[in-house]
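Trainee: Here it is: the structure, laid out below.
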Amino acid sequence: MILVDSSVWIDYFNGTPTTETDFLDSILGVEPLGIGDLILTEVLQGFRSDSEYRKVKDLMLELTLFELLGRDRAVRAADSYRALRKKGVTIRKTNDLIIGTYCVDESLPLLFRDRDFQPMIDHMGLRSALA
């Protein structure tokens, strides 16, 4: 199972060719893919067209959906943020910290294009799906 971040989905649906979108295209229908509830929200909120929104929503809801946050993981995400800050690293987006913490906790590789995840690879044990 690979969790795919919104940074890749957004580029994919916008037709932006990247290493990550090419990889996503190559594994769609071949590898099991997951999406987090926060990721689903980030992707769907960007569609202006109602028809595109419905089409993508239907496709995304066919993926395994993970609820990324609860009480215990909220505390672990805060602990991770604090530990990274002590190392001089600031994660800009709380959602990314939650997603990264979930993937570390559940041993899921993450397909991403957002630079906030690199420090989580370097210091928290997050695994890139491209590694």
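Each chain in the structure tokens gets a letter, A, B and so on, in the order shown; residues start at 1 in every chain, and ligands are counted from 1 in the order they appear.
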Check the DSSP output for the backbone and give back, as a list in words, the residues of chain A in strand (DSSP E or B).

Mentor: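 So, restricting chain A to strand (DSSP E or B), we get Ile2, Leu3, Val4, Leu33, Gly34, Ile35, Gly36, Thr64, Leu65, Phe66, Leu110, Leu111 and Ser128 of chain A.
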
Trainee: Restricted to N, CA, C and O atoms, what would the selected residues look like written as an mmCIF file, in the first residue's frame?

Mentor:
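Result file is result.cif:
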data_model
loop_
_atom_site.group_PDB
_atom_site.id
_atom_site.type_symbol
_atom_site.label_atom_id
_atom_site.label_comp_id
_atom_site.auth_asym_id
_atom_site.auth_seq_id
_atom_site.Cartn_x
_atom_site.Cartn_y
_atom_site.Cartn_z
ATOM 1 N N ILE A 2 0.561 2.160 -0.850
ATOM 2 C CA ILE A 2 1.264 3.444 -0.931
ATOM 3 C C ILE A 2 0.247 4.548 -0.678
ATOM 4 O O ILE A 2 -0.829 4.554 -1.281
ATOM 5 N N LEU A 3 0.585 5.463 0.225
ATOM 6 C CA LEU A 3 -0.252 6.638 0.448
ATOM 7 C C LEU A 3 0.229 7.728 -0.503
ATOM 8 O O LEU A 3 1.438 7.972 -0.617
ATOM 9 N N VAL A 4 -0.702 8.347 -1.212
ATOM 10 C CA VAL A 4 -0.358 9.380 -2.192
ATOM 11 C C VAL A 4 -0.812 10.735 -1.657
ATOM 12 O O VAL A 4 -1.991 10.924 -1.343
ATOM 13 N N LEU A 33 -3.337 1.628 -3.607
ATOM 14 C CA LEU A 33 -3.092 3.018 -3.230
ATOM 15 C C LEU A 33 -4.057 3.441 -2.145
ATOM 16 O O LEU A 33 -5.220 3.027 -2.131
ATOM 17 N N GLY A 34 -3.574 4.289 -1.269
ATOM 18 C CA GLY A 34 -4.419 4.830 -0.224
ATOM 19 C C GLY A 34 -4.409 6.344 -0.270
ATOM 20 O O GLY A 34 -3.528 6.973 -0.872
ATOM 21 N N ILE A 35 -5.407 6.894 0.381
ATOM 22 C CA ILE A 35 -5.521 8.340 0.494
ATOM 23 C C ILE A 35 -6.030 8.648 1.898
ATOM 24 O O ILE A 35 -6.825 7.904 2.455
ATOM 25 N N GLY A 36 -5.538 9.720 2.457
ATOM 26 C CA GLY A 36 -5.994 10.131 3.772
ATOM 27 C C GLY A 36 -7.163 11.086 3.657
ATOM 28 O O GLY A 36 -7.356 11.736 2.623
ATOM 29 N N THR A 64 -8.458 3.120 -0.932
ATOM 30 C CA THR A 64 -8.532 2.886 0.504
ATOM 31 C C THR A 64 -8.394 4.234 1.206
ATOM 32 O O THR A 64 -7.441 4.979 0.950
ATOM 33 N N LEU A 65 -9.355 4.551 2.056
ATOM 34 C CA LEU A 65 -9.367 5.839 2.749
ATOM 35 C C LEU A 65 -8.949 5.641 4.201
ATOM 36 O O LEU A 65 -9.506 4.789 4.902
ATOM 37 N N PHE A 66 -7.966 6.410 4.638
ATOM 38 C CA PHE A 66 -7.470 6.334 6.001
ATOM 39 C C PHE A 66 -7.865 7.590 6.768
ATOM 40 O O PHE A 66 -7.732 8.701 6.248
ATOM 41 N N LEU A 110 5.179 6.948 1.330
ATOM 42 C CA LEU A 110 4.417 8.112 0.884
ATOM 43 C C LEU A 110 4.947 8.584 -0.466
ATOM 44 O O LEU A 110 6.159 8.756 -0.636
ATOM 45 N N LEU A 111 4.046 8.778 -1.403
ATOM 46 C CA LEU A 111 4.389 9.400 -2.679
ATOM 47 C C LEU A 111 4.046 10.876 -2.544
ATOM 48 O O LEU A 111 2.881 11.224 -2.329
ATOM 49 N N SER A 128 9.896 7.229 1.433
ATOM 50 C CA SER A 128 9.399 7.710 0.160
ATOM 51 C C SER A 128 9.034 6.519 -0.707
ATOM 52 O O SER A 128 9.765 5.531 -0.767
#

Trainee: Return as a short mmCIF file (atom, residue, chain, number, x, y, z; two decimals) with C-alpha atoms, in the first residue's frame the full set of residues in region 74-121 of chain A whose backbone-based DSSP assignment is helix (DSSP H, G or I).

Mentor:
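The result, stored in selection07.cif:
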data_model
loop_
_atom_site.label_atom_id
_atom_site.label_comp_id
_atom_site.auth_asym_id
_atom_site.auth_seq_id
_atom_site.Cartn_x
_atom_site.Cartn_y
_atom_site.Cartn_z
CA ALA A 74 -2.44 14.23 17.38
CA VAL A 75 -0.09 14.05 20.35
CA ARG A 76 2.54 12.12 18.36
CA ALA A 77 2.35 14.68 15.54
CA ALA A 78 2.88 17.50 18.04
CA ASP A 79 5.79 15.58 19.57
CA SER A 80 7.29 15.12 16.10
CA TYR A 81 6.92 18.82 15.35
CA ARG A 82 8.65 19.72 18.60
CA ALA A 83 11.46 17.21 18.04
CA LEU A 84 12.06 18.58 14.53
CA ARG A 85 12.04 22.18 15.81
CA LYS A 86 14.74 21.24 18.33
CA THR A 94 0.32 20.89 10.01
CA ASN A 95 -1.49 18.64 7.51
CA ASP A 96 1.88 17.45 6.18
CA LEU A 97 3.05 16.68 9.70
CA ILE A 98 -0.12 14.66 10.34
CA ILE A 99 0.27 12.78 7.05
CA GLY A 100 3.95 12.05 7.68
CA THR A 101 3.29 10.91 11.25
CA TYR A 102 0.52 8.59 10.03
CA CYS A 103 2.80 7.03 7.43
CA VAL A 104 5.59 6.51 9.98
CA ASP A 105 3.18 4.99 12.51
CA GLU A 106 1.62 2.66 9.92
CA ARG A 115 9.43 19.63 0.46
CA ASP A 116 8.02 19.46 4.00
CA PHE A 117 8.27 15.67 3.89
CA GLN A 118 12.05 15.48 3.33
CA PRO A 119 12.94 16.35 6.96
CA MET A 120 10.53 13.63 8.06
CA ILE A 121 12.50 11.17 5.94
#

Trainee: Please provide the set of residues having any atom within 12 Å of Leu24 (chain A), restricted to only C-alpha atoms, with same-chain residues fewer than 5 positions apart removed, written as a count of residues only.

Mentor: 27

Trainee: What is the CA of Lys55 (chain A)-CA of Leu40 (chain A) distance in Å, reported with one decimal?

Mentor: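 Interatomic distance here is 13.3 Å.
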
Trainee: One decimal, in Å: what's the spacing between CA of Glu67 (chain A) and CA of Phe23 (chain A)?

Mentor: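 That distance, rounded to one decimal, is 24.4 Å.
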
Trainee: In terms of the shortest atom-to-atom distance over only C-alpha atoms, which of A:Gly125, A:Asp58, A:Asn14, A:Gly88 is closest to Gly46 (chain A)?

Mentor: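 With only C-alpha atoms as the atom set, the closest residue is A:Asn14.
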
Trainee: May I ask for the distance between CA of Leu126 (chain A) and CA of Lys93 (chain A), given in Å to one decimal place?

Mentor: 16.1 Å
